[in-house]
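As provided, model.txt (compact mmCIF, C-alpha atoms) reads as follows.
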# COMPACT_ATOMS: atom_id res chain seq x y z
CA MET A 1 72.41 -96.67 -43.15
CA THR A 2 72.15 -93.97 -40.51
CA GLU A 3 69.85 -94.10 -37.51
CA VAL A 4 68.39 -90.73 -38.53
CA THR A 5 67.52 -91.94 -42.04
CA LEU A 6 66.02 -95.15 -40.66
CA ALA A 7 63.97 -93.21 -38.12
CA ARG A 8 62.65 -90.95 -40.88
CA ALA A 9 61.75 -93.96 -43.05
CA GLN A 10 59.98 -95.67 -40.15
CA ALA A 11 58.06 -92.46 -39.58
CA GLY A 12 56.70 -92.68 -43.14
CA ASP A 13 59.25 -90.65 -45.11
CA GLY A 14 59.35 -92.21 -48.59
CA GLU A 15 62.47 -90.33 -49.65
CA ALA A 16 64.33 -91.66 -46.63
CA PHE A 17 63.24 -95.20 -47.48
CA SER A 18 64.47 -94.77 -51.06
CA GLU A 19 67.78 -93.54 -49.68
CA LEU A 20 68.04 -96.63 -47.48
CA ILE A 21 67.44 -99.17 -50.23
CA ALA A 22 69.30 -97.43 -53.08
CA PRO A 23 72.71 -99.04 -52.30
CA HIS A 24 71.11 -102.52 -52.37
CA ARG A 25 68.68 -102.31 -55.29
CA ARG A 26 71.04 -103.45 -58.03
CA GLU A 27 72.34 -106.48 -56.17
CA LEU A 28 68.80 -107.43 -55.16
CA GLN A 29 67.71 -107.35 -58.80
CA ALA A 30 70.64 -109.61 -59.73
CA HIS A 31 69.67 -111.91 -56.86
CA CYS A 32 66.10 -112.22 -58.12
CA TYR A 33 67.39 -112.74 -61.67
CA ARG A 34 69.64 -115.62 -60.63
CA ILE A 35 66.75 -117.38 -58.89
CA LEU A 36 64.12 -116.69 -61.58
CA GLY A 37 66.19 -116.63 -64.79
CA SER A 38 64.11 -113.83 -66.30
CA VAL A 39 65.00 -110.13 -66.09
CA GLN A 40 61.34 -109.12 -66.41
CA ASP A 41 60.21 -111.54 -63.71
CA ALA A 42 63.07 -110.40 -61.49
CA GLU A 43 62.10 -106.76 -61.83
CA ASP A 44 58.42 -107.50 -61.16
CA VAL A 45 59.23 -109.58 -58.08
CA LEU A 46 61.71 -106.99 -56.82
CA GLN A 47 59.05 -104.29 -57.06
CA GLU A 48 56.75 -106.47 -54.97
CA ALA A 49 59.54 -107.06 -52.46
CA LEU A 50 60.38 -103.37 -52.11
CA LEU A 51 56.72 -102.52 -51.67
CA ALA A 52 56.52 -105.16 -48.93
CA ALA A 53 59.66 -103.70 -47.34
CA TRP A 54 58.14 -100.21 -47.37
CA ARG A 55 54.98 -101.47 -45.73
CA SER A 56 56.92 -103.27 -43.00
CA ILE A 57 59.84 -100.89 -42.42
CA GLY A 58 58.26 -99.86 -39.13
CA ARG A 59 58.86 -103.38 -37.81
CA PHE A 60 62.50 -103.57 -38.94
CA ASP A 61 64.71 -104.06 -35.87
CA GLY A 62 67.67 -102.09 -37.24
CA ARG A 63 70.21 -104.93 -37.17
CA SER A 64 71.08 -105.72 -40.84
CA LEU A 65 69.12 -103.93 -43.52
CA ARG A 66 70.82 -105.94 -46.28
CA ALA A 67 69.89 -109.32 -44.78
CA TRP A 68 66.36 -108.06 -44.07
CA LEU A 69 65.91 -106.99 -47.70
CA TYR A 70 67.32 -110.29 -48.93
CA ARG A 71 64.85 -112.15 -46.71
CA ILE A 72 61.92 -110.32 -48.26
CA ALA A 73 63.23 -110.60 -51.84
CA THR A 74 64.13 -114.29 -51.53
CA ASN A 75 60.76 -115.24 -50.14
CA ARG A 76 58.98 -113.27 -52.84
CA CYS A 77 61.00 -115.21 -55.43
CA LEU A 78 60.04 -118.51 -53.81
CA ASN A 79 56.39 -117.46 -53.74
CA PHE A 80 56.61 -116.67 -57.44
CA LEU A 81 58.12 -120.07 -58.21
CA ARG A 82 55.32 -121.81 -56.31
CA GLY A 83 52.93 -120.36 -58.87
CA GLU A 84 54.43 -122.33 -61.77
CA SER A 85 51.20 -121.92 -63.72
CA ARG A 86 52.57 -118.50 -64.65
CA ARG A 87 55.17 -120.38 -66.69
CA PRO A 88 53.33 -122.95 -68.80
CA HIS A 89 55.57 -125.49 -70.51
CA LEU A 90 56.00 -125.16 -74.23
CA VAL A 91 54.41 -127.85 -76.37
CA ASP A 92 57.06 -130.41 -77.32
CA LEU A 93 57.90 -130.85 -80.97
CA ALA A 94 56.52 -134.09 -82.31
CA ASN A 95 59.68 -135.55 -83.84
CA PRO A 96 62.89 -133.76 -82.95
CA ASP A 97 65.91 -134.98 -84.88
CA THR A 98 67.80 -136.37 -81.90
CA GLY A 99 69.70 -138.89 -83.96
CA SER A 100 72.12 -136.44 -85.58
CA ASN A 101 74.40 -133.69 -84.39
CA ARG A 102 72.35 -131.17 -86.32
CA SER A 103 69.62 -130.72 -83.76
CA ALA A 104 68.49 -132.12 -80.46
CA ARG A 105 66.08 -131.21 -77.73
CA SER A 106 67.52 -128.38 -75.66
CA ASP A 107 67.48 -128.51 -71.87
CA GLU A 108 67.74 -124.73 -71.72
CA PRO A 109 64.93 -123.21 -69.61
CA TRP A 110 62.70 -121.52 -72.15
CA TRP A 111 62.13 -118.44 -69.98
CA ILE A 112 65.86 -117.64 -69.61
CA GLU A 113 66.74 -114.06 -70.58
CA PRO A 114 70.06 -112.22 -70.94
CA TYR A 115 71.09 -109.84 -68.18
CA PRO A 116 72.27 -106.45 -69.50
CA ASP A 117 75.13 -105.87 -67.05
CA ASP A 118 78.56 -107.16 -66.05
CA LEU A 119 78.05 -106.51 -62.31
CA ASP A 120 81.80 -105.94 -62.06
CA ASP A 121 81.46 -103.85 -58.91
CA LEU A 122 79.52 -106.42 -56.85
CA VAL A 123 81.79 -108.18 -54.38
CA PRO A 124 80.69 -111.59 -53.02
CA GLY A 125 81.02 -112.38 -49.31
CA PRO A 126 84.04 -114.20 -47.85
CA GLU A 127 82.24 -117.58 -47.85
CA ALA A 128 81.22 -117.38 -51.53
CA ARG A 129 82.46 -120.17 -53.81
CA TYR A 130 81.74 -118.33 -57.07
CA ASP A 131 83.08 -114.98 -58.17
CA THR A 132 80.77 -112.44 -59.76
CA ARG A 133 81.83 -113.35 -63.28
CA GLU A 134 80.94 -117.01 -62.78
CA SER A 135 77.71 -116.38 -60.92
CA ILE A 136 76.13 -114.16 -63.56
CA ALA A 137 77.21 -116.26 -66.57
CA LEU A 138 74.29 -117.38 -68.70
CA SER A 139 75.16 -121.08 -68.28
CA PHE A 140 75.23 -120.73 -64.49
CA VAL A 141 71.86 -118.98 -64.32
CA ALA A 142 70.37 -121.56 -66.72
CA GLY A 143 71.80 -124.36 -64.58
CA LEU A 144 70.20 -122.92 -61.46
CA GLN A 145 66.77 -123.16 -63.08
CA HIS A 146 66.97 -126.98 -62.99
CA LEU A 147 67.27 -127.03 -59.19
CA PRO A 148 64.23 -127.13 -56.88
CA PRO A 149 63.40 -123.59 -55.69
CA GLN A 150 64.58 -124.03 -52.08
CA GLN A 151 67.90 -125.55 -53.17
CA ARG A 152 68.30 -122.79 -55.73
CA ALA A 153 67.81 -120.10 -53.08
CA VAL A 154 70.17 -121.79 -50.61
CA LEU A 155 72.94 -122.17 -53.18
CA VAL A 156 72.68 -118.53 -54.25
CA LEU A 157 72.64 -117.24 -50.66
CA ARG A 158 75.56 -119.42 -49.55
CA ASP A 159 77.81 -119.97 -52.58
CA VAL A 160 77.12 -116.83 -54.62
CA LEU A 161 76.50 -114.17 -51.97
CA GLY A 162 78.53 -115.76 -49.20
CA PHE A 163 75.98 -115.49 -46.40
CA PRO A 164 76.96 -117.66 -43.41
CA ALA A 165 74.75 -120.69 -42.82
CA ALA A 166 73.09 -119.11 -39.78
CA GLU A 167 72.21 -115.95 -41.70
CA ALA A 168 70.96 -117.92 -44.71
CA ALA A 169 68.76 -119.96 -42.38
CA ASP A 170 67.36 -116.77 -40.88
CA ILE A 171 66.64 -115.34 -44.34
CA LEU A 172 64.78 -118.51 -45.33
CA GLY A 173 63.05 -119.01 -41.98
CA THR A 174 64.54 -122.47 -41.49
CA THR A 175 67.35 -124.21 -39.59
CA GLN A 176 71.07 -124.37 -40.28
CA THR A 177 70.74 -128.13 -40.60
CA ALA A 178 68.12 -127.73 -43.32
CA VAL A 179 70.26 -125.13 -45.10
CA ASN A 180 73.36 -127.35 -45.03
CA SER A 181 71.38 -130.34 -46.28
CA ALA A 182 69.82 -128.35 -49.13
CA LEU A 183 73.22 -126.93 -50.06
CA ILE A 184 74.77 -130.38 -50.38
CA ARG A 185 71.97 -131.49 -52.69
CA ALA A 186 72.12 -128.25 -54.70
CA ARG A 187 75.87 -128.53 -55.25
CA ALA A 188 75.45 -132.12 -56.39
CA GLY A 189 72.66 -131.15 -58.78
CA LEU A 190 74.35 -128.11 -60.32
CA ARG A 191 76.79 -128.75 -63.12
CA PRO A 192 77.69 -125.37 -64.57
CA GLU A 193 80.87 -125.01 -66.57
CA ARG A 194 83.50 -123.56 -64.26
CA ASP A 195 86.62 -123.92 -66.40
CA LEU A 196 87.52 -120.26 -66.83
CA HIS A 197 91.29 -120.65 -67.16
CA ASP A 198 91.02 -120.70 -70.96
CA VAL A 199 88.51 -117.86 -71.26
CA PRO A 200 89.80 -114.48 -72.46
CA ALA A 201 89.60 -111.73 -69.88
CA PRO A 202 86.43 -109.61 -70.18
CA LYS A 203 86.80 -106.66 -72.57
CA SER A 204 90.35 -107.74 -73.46
CA PRO A 205 91.92 -107.56 -76.95
CA ALA A 206 91.86 -111.37 -77.05
CA GLU A 207 88.12 -111.44 -76.41
CA ALA A 208 87.50 -108.71 -78.98
CA ALA A 209 89.55 -110.60 -81.59
CA VAL A 210 87.33 -113.69 -81.30
CA VAL A 211 84.16 -111.62 -81.59
CA ASP A 212 85.57 -109.75 -84.59
CA ARG A 213 86.38 -113.05 -86.33
CA PHE A 214 82.84 -114.28 -85.79
CA VAL A 215 81.26 -111.04 -87.04
CA SER A 216 83.53 -110.89 -90.09
CA ALA A 217 82.78 -114.50 -91.05
CA PHE A 218 79.04 -114.07 -90.50
CA GLU A 219 78.75 -110.77 -92.40
CA SER A 220 80.70 -112.16 -95.36
CA PHE A 221 78.80 -115.50 -95.27
CA ASN A 222 82.12 -117.33 -95.15
CA LEU A 223 81.21 -120.87 -94.08
CA ASP A 224 84.79 -122.08 -93.61
CA GLU A 225 85.73 -119.11 -91.43
CA LEU A 226 82.57 -119.40 -89.38
CA VAL A 227 83.25 -123.09 -88.78
CA ALA A 228 86.85 -122.29 -87.80
CA VAL A 229 85.82 -119.84 -85.06
CA LEU A 230 83.58 -122.45 -83.36
CA THR A 231 84.87 -125.19 -81.04
CA ASP A 232 84.33 -128.84 -81.96
CA THR A 233 81.73 -129.14 -79.18
CA ALA A 234 79.98 -125.81 -79.85
CA ARG A 235 76.22 -125.60 -79.43
CA LEU A 236 73.59 -123.07 -80.39
CA THR A 237 70.43 -122.62 -78.34
CA MET A 238 67.55 -120.26 -79.05
CA PRO A 239 65.25 -119.85 -76.03
CA PRO A 240 62.28 -120.27 -76.01
CA GLU A 241 62.70 -122.68 -78.97
CA PRO A 242 63.06 -126.25 -77.66
CA LEU A 243 65.78 -127.36 -80.10
CA GLU A 244 69.51 -126.78 -80.18
CA HIS A 245 72.17 -127.22 -82.87
CA ARG A 246 75.46 -128.93 -82.07
CA GLY A 247 78.80 -128.92 -83.82
CA PRO A 248 80.53 -126.21 -85.87
CA GLN A 249 79.27 -127.31 -89.31
CA PRO A 250 75.55 -127.58 -88.38
CA ILE A 251 75.67 -124.31 -86.43
CA ALA A 252 77.44 -122.38 -89.19
CA ARG A 253 75.12 -123.73 -91.89
CA PHE A 254 72.03 -122.93 -89.83
CA LEU A 255 73.15 -119.35 -89.20
CA LEU A 256 74.07 -118.67 -92.81
CA GLU A 257 71.01 -120.39 -94.28
CA SER A 258 68.76 -118.43 -91.90
CA HIS A 259 69.98 -115.14 -93.39
CA ALA A 260 70.84 -116.10 -96.96
CA GLY A 261 70.74 -113.11 -99.27
CA GLN A 262 70.43 -110.57 -96.44
CA ALA A 263 72.78 -107.81 -95.36
CA LEU A 264 73.71 -107.96 -91.69
CA LYS A 265 74.70 -105.30 -89.19
CA PHE A 266 76.09 -106.14 -85.73
CA PHE A 267 76.62 -103.94 -82.71
CA PRO A 268 78.70 -105.24 -79.78
CA THR A 269 77.36 -105.18 -76.25
CA ARG A 270 77.65 -107.31 -73.10
CA ALA A 271 75.23 -109.66 -71.39
CA ASN A 272 75.80 -111.72 -68.25
CA GLY A 273 79.43 -110.59 -68.18
CA GLN A 274 79.94 -112.07 -71.68
CA PRO A 275 80.37 -110.58 -75.14
CA ALA A 276 77.10 -110.22 -77.02
CA LEU A 277 75.90 -108.85 -80.35
CA ILE A 278 72.75 -107.00 -81.37
CA LEU A 279 71.75 -108.05 -84.88
CA TYR A 280 69.98 -105.75 -87.33
CA LEU A 281 68.52 -106.70 -90.71
CA PRO A 282 67.40 -104.35 -93.52
CA ASP A 283 63.71 -103.56 -93.75
CA PRO A 284 62.62 -104.53 -97.29
CA SER A 285 59.97 -101.80 -97.43
CA ALA A 286 61.70 -98.86 -95.71
CA PRO A 287 65.22 -97.35 -95.52
CA LEU A 288 65.72 -98.80 -92.04
CA TRP A 289 67.65 -101.45 -90.17
CA ARG A 290 65.34 -103.48 -87.91
CA ALA A 291 66.57 -105.17 -84.74
CA CYS A 292 66.43 -108.94 -85.14
CA GLY A 293 67.57 -109.99 -81.67
CA LEU A 294 70.66 -110.64 -79.63
CA ILE A 295 73.36 -113.33 -79.56
CA VAL A 296 75.31 -114.05 -76.36
CA LEU A 297 78.70 -115.68 -76.93
CA THR A 298 80.54 -118.05 -74.58
CA LEU A 299 84.24 -118.18 -75.41
CA ARG A 300 86.86 -120.88 -74.87
CA GLY A 301 90.37 -119.82 -75.80
CA ASP A 302 90.32 -118.23 -79.24
CA ARG A 303 87.03 -119.79 -80.32
CA ILE A 304 83.34 -119.74 -79.46
CA HIS A 305 82.03 -122.61 -77.34
CA ALA A 306 78.34 -121.66 -77.14
CA LEU A 307 75.91 -119.23 -78.74
CA THR A 308 72.58 -118.32 -77.18
CA ARG A 309 70.34 -116.48 -79.59
CA PHE A 310 67.37 -114.45 -78.40
CA ALA A 311 64.92 -113.41 -81.12
CA ASP A 312 62.75 -111.17 -78.89
CA VAL A 313 63.42 -107.70 -80.30
CA GLY A 314 61.97 -106.21 -77.12
CA LEU A 315 65.19 -107.20 -75.37
CA VAL A 316 67.34 -104.74 -77.32
CA GLY A 317 65.89 -101.77 -75.44
CA ARG A 318 67.27 -103.12 -72.16
CA PHE A 319 70.72 -102.93 -73.72
CA GLY A 320 70.26 -99.31 -74.80
CA PHE A 321 69.67 -100.00 -78.50
CA PRO A 322 66.71 -98.84 -80.64
CA ARG A 323 64.45 -101.24 -82.51
CA ALA A 324 65.20 -99.43 -85.78
CA LEU A 325 68.08 -97.47 -87.26
CA PRO A 326 68.22 -95.32 -90.41
CA ARG A 327 69.83 -97.08 -93.37
CA ASN A 328 72.01 -94.65 -95.26
Can you present the structure in this file as structure tokens?
Amino acid sequence: MTEVTLARAQAGDGEAFSELIAPHRRELQAHCYRILGSVQDAEDVLQEALLAAWRSIGRFDGRSLRAWLYRIATNRCLNFLRGESRRPHLVDLANPDTGSNRSARSDEPWWIEPYPDDLDDLVPGPEARYDTRESIALSFVAGLQHLPPQQRAVLVLRDVLGFPAAEAADILGTTQTAVNSALIRARAGLRPERDLHDVPAPKSPAEAAVVDRFVSAFESFNLDELVAVLTDTARLTMPPEPLEHRGPQPIARFLLESHAGQALKFFPTRANGQPALILYLPDPSAPLWRACGLIVLTLRGDRIHALTRFADVGLVGRFGFPRALPRN
């Protein structure tokens, strides 16, 4: 940020304002996504925050543009979460089969969405407890959604972004004592999986080999191979559906039975810093492949520990894929 650019923005120059915020926009979107769990909600709230920043740039004191933008974005997220009526709860199923390992009620927030980026180039502050890979993982973002909004915001500001307690308190308009207290409660309430020592490195041959095994077994409808690539404690969730499947046999049978008699086409991509697959199915009435959704994979060693399947075909566009492909 230069004083000249700031002066131009405060004088009403929209291009100068865009120049000021451009280096921060991507990290602000990720910040809103972590707090809200939905890419669409995050983008909507970020637009509101940037509009508010434009309207109030004349009152910015010039000290820390990044902290000032985070203050506006964080408070817009908290305002959104206060209006929980925008997220009505799904109607519970009458009799979920909780007595077997086939299905159980999922605690996954139904509004959770995959984030189409690795965020490899974002560097957390020196006081951060999570690296970027951990803090964008789907399980971490889902875990955040179970915390009260204020605790959620405090944990992200302190442990993900590494803001000092005094700066986090200033962003939230509260005291350091309140921030420290909320952080203790948030850490106690958050139980994301942090064991990354047995996870293949992102985009490594080891990671690709696991994904290839899964795709090969799925495309060939090989039950034994599909079971073999899943861990003993694997689980499949399908937001916004309220049920999950647990165990390699139930998961493999569910996947194969869901697509019995169909050809499958997979395209690899990445979501939340994890390997993911776009699934296409043949259109029975036209020579086309139709997008069927996206599967995000969580790996442990040389097997898959969790699968999160999103059936919303509108998501594929965010990952740069079309809804339909010609079938030759």
Next on the checklist: Counting only C-alpha atoms, which residue out of A:Pro114, A:Gly12, A:Gly173, A:Pro23 sits closest to A:Val39?
Outcome noted: A:Pro114
Next on the checklist: I need every residue sitting at most 8 Å from the point (77.6, -114.9, -50.5) (coordinates as in the file, all atoms listed in the file considered), written as number ranges by chain.
Outcome noted: A: 124-129, 156-164
Next on the checklist: Need to verify the contact set: stretch 27-38 of chain A, 6 Å, all atoms listed in the file, exclusion of same-chain residues closer than 5 positions in sequence. Can you return it as a PyMOL selection string?
Outcome noted: chain A and resi 112-113+141
Next on the checklist: Taking all atoms listed in the file into account, name the residue in A:Phe221, A:Leu65, A:Asp41, A:Leu138 that is nearest to A:Leu20.
Outcome noted: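 That would be A:Leu65, the residue with the smallest distance to A:Leu20.
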Checklist entry - Closest to A:Gly273 among A:Arg327, A:Arg290, A:Arg26, A:Arg133, using only C-alpha atoms? => result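 Looking at the shortest contact to A:Gly273, the residue is A:Arg133.
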Next on the checklist: If I take atom CA of A:Asp312 and atom CA of A:Phe140, how far is one from the other in Å, to one decimal?
Outcome noted: 21.3 Å
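Atom CA of A:Ala234 sits 9.4 Å away from atom CA of A:Thr298.
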Checklist entry - Leaving out A:Glu19 and any residue of its chain fewer than 2 positions from it, which residues lie within 10 Å of it when counting all atoms listed in the file, given as a PyMOL selection string? => result chain A and resi 1+5-6+9+14-17+21-24
Checklist entry - Using only C-alpha atoms, which of A:Ser216, A:Ser204, A:Gln151, A:Gln40 sits nearest A:Arg185? => result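 Of A:Ser216, A:Ser204, A:Gln151, A:Gln40, the one nearest A:Arg185, counting only C-alpha atoms, is A:Gln151.
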Checklist entry - Expressed in Å to a single decimal, how great is the separation between atom CA of A:Leu264 and atom CA of A:Arg213? => result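 A separation of 14.7 Å between them.
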Checklist entry - Skipping near chain neighbours, those fewer than 2 positions away, what residues fall within 10 Å of stretch 319-323 of chain A using only C-alpha atoms, listed as JSON, numbers by chain? => result {"A": [114, 115, 116, 117, 267, 269, 270, 271, 278, 280, 288, 289, 290, 291, 292, 293, 294, 313, 314, 315, 316, 317, 325]}
Checklist entry - Taking into account only C-alpha atoms, which residue in the set A:Ala206, A:Ala166, A:Val211, A:Val229 is nearest to A:Leu277? => result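 Ranked by minimum distance to A:Leu277, first place goes to A:Val211.
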Checklist entry - Contacts of A:Leu256 at 9 Å or less, counting all atoms listed in the file, minus same-chain residues fewer than 4 places along, as a list in words? => result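 The contact residues come out as Phe218, Phe221, Asn222, Leu223, Ile251, Ala252 and Ala260 of chain A.
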Item to check | Residue nearest A:Trp110 - candidates A:Leu236, A:Leu243, A:Ala42, A:Ala73, atoms counted: all atoms listed in the file | outcome: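 Smallest separation from A:Trp110 among the options: A:Leu243.
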Edge lengths and centre in Å, axis-aligned, stretch 161-171 of chain A plus 6 Å each side, as lines of an AutoDock Vina configuration file:
center_x = 72.6
center_y = -117.4
center_z = -45.9
size_x = 23.9
size_y = 18.5
size_z = 24.2
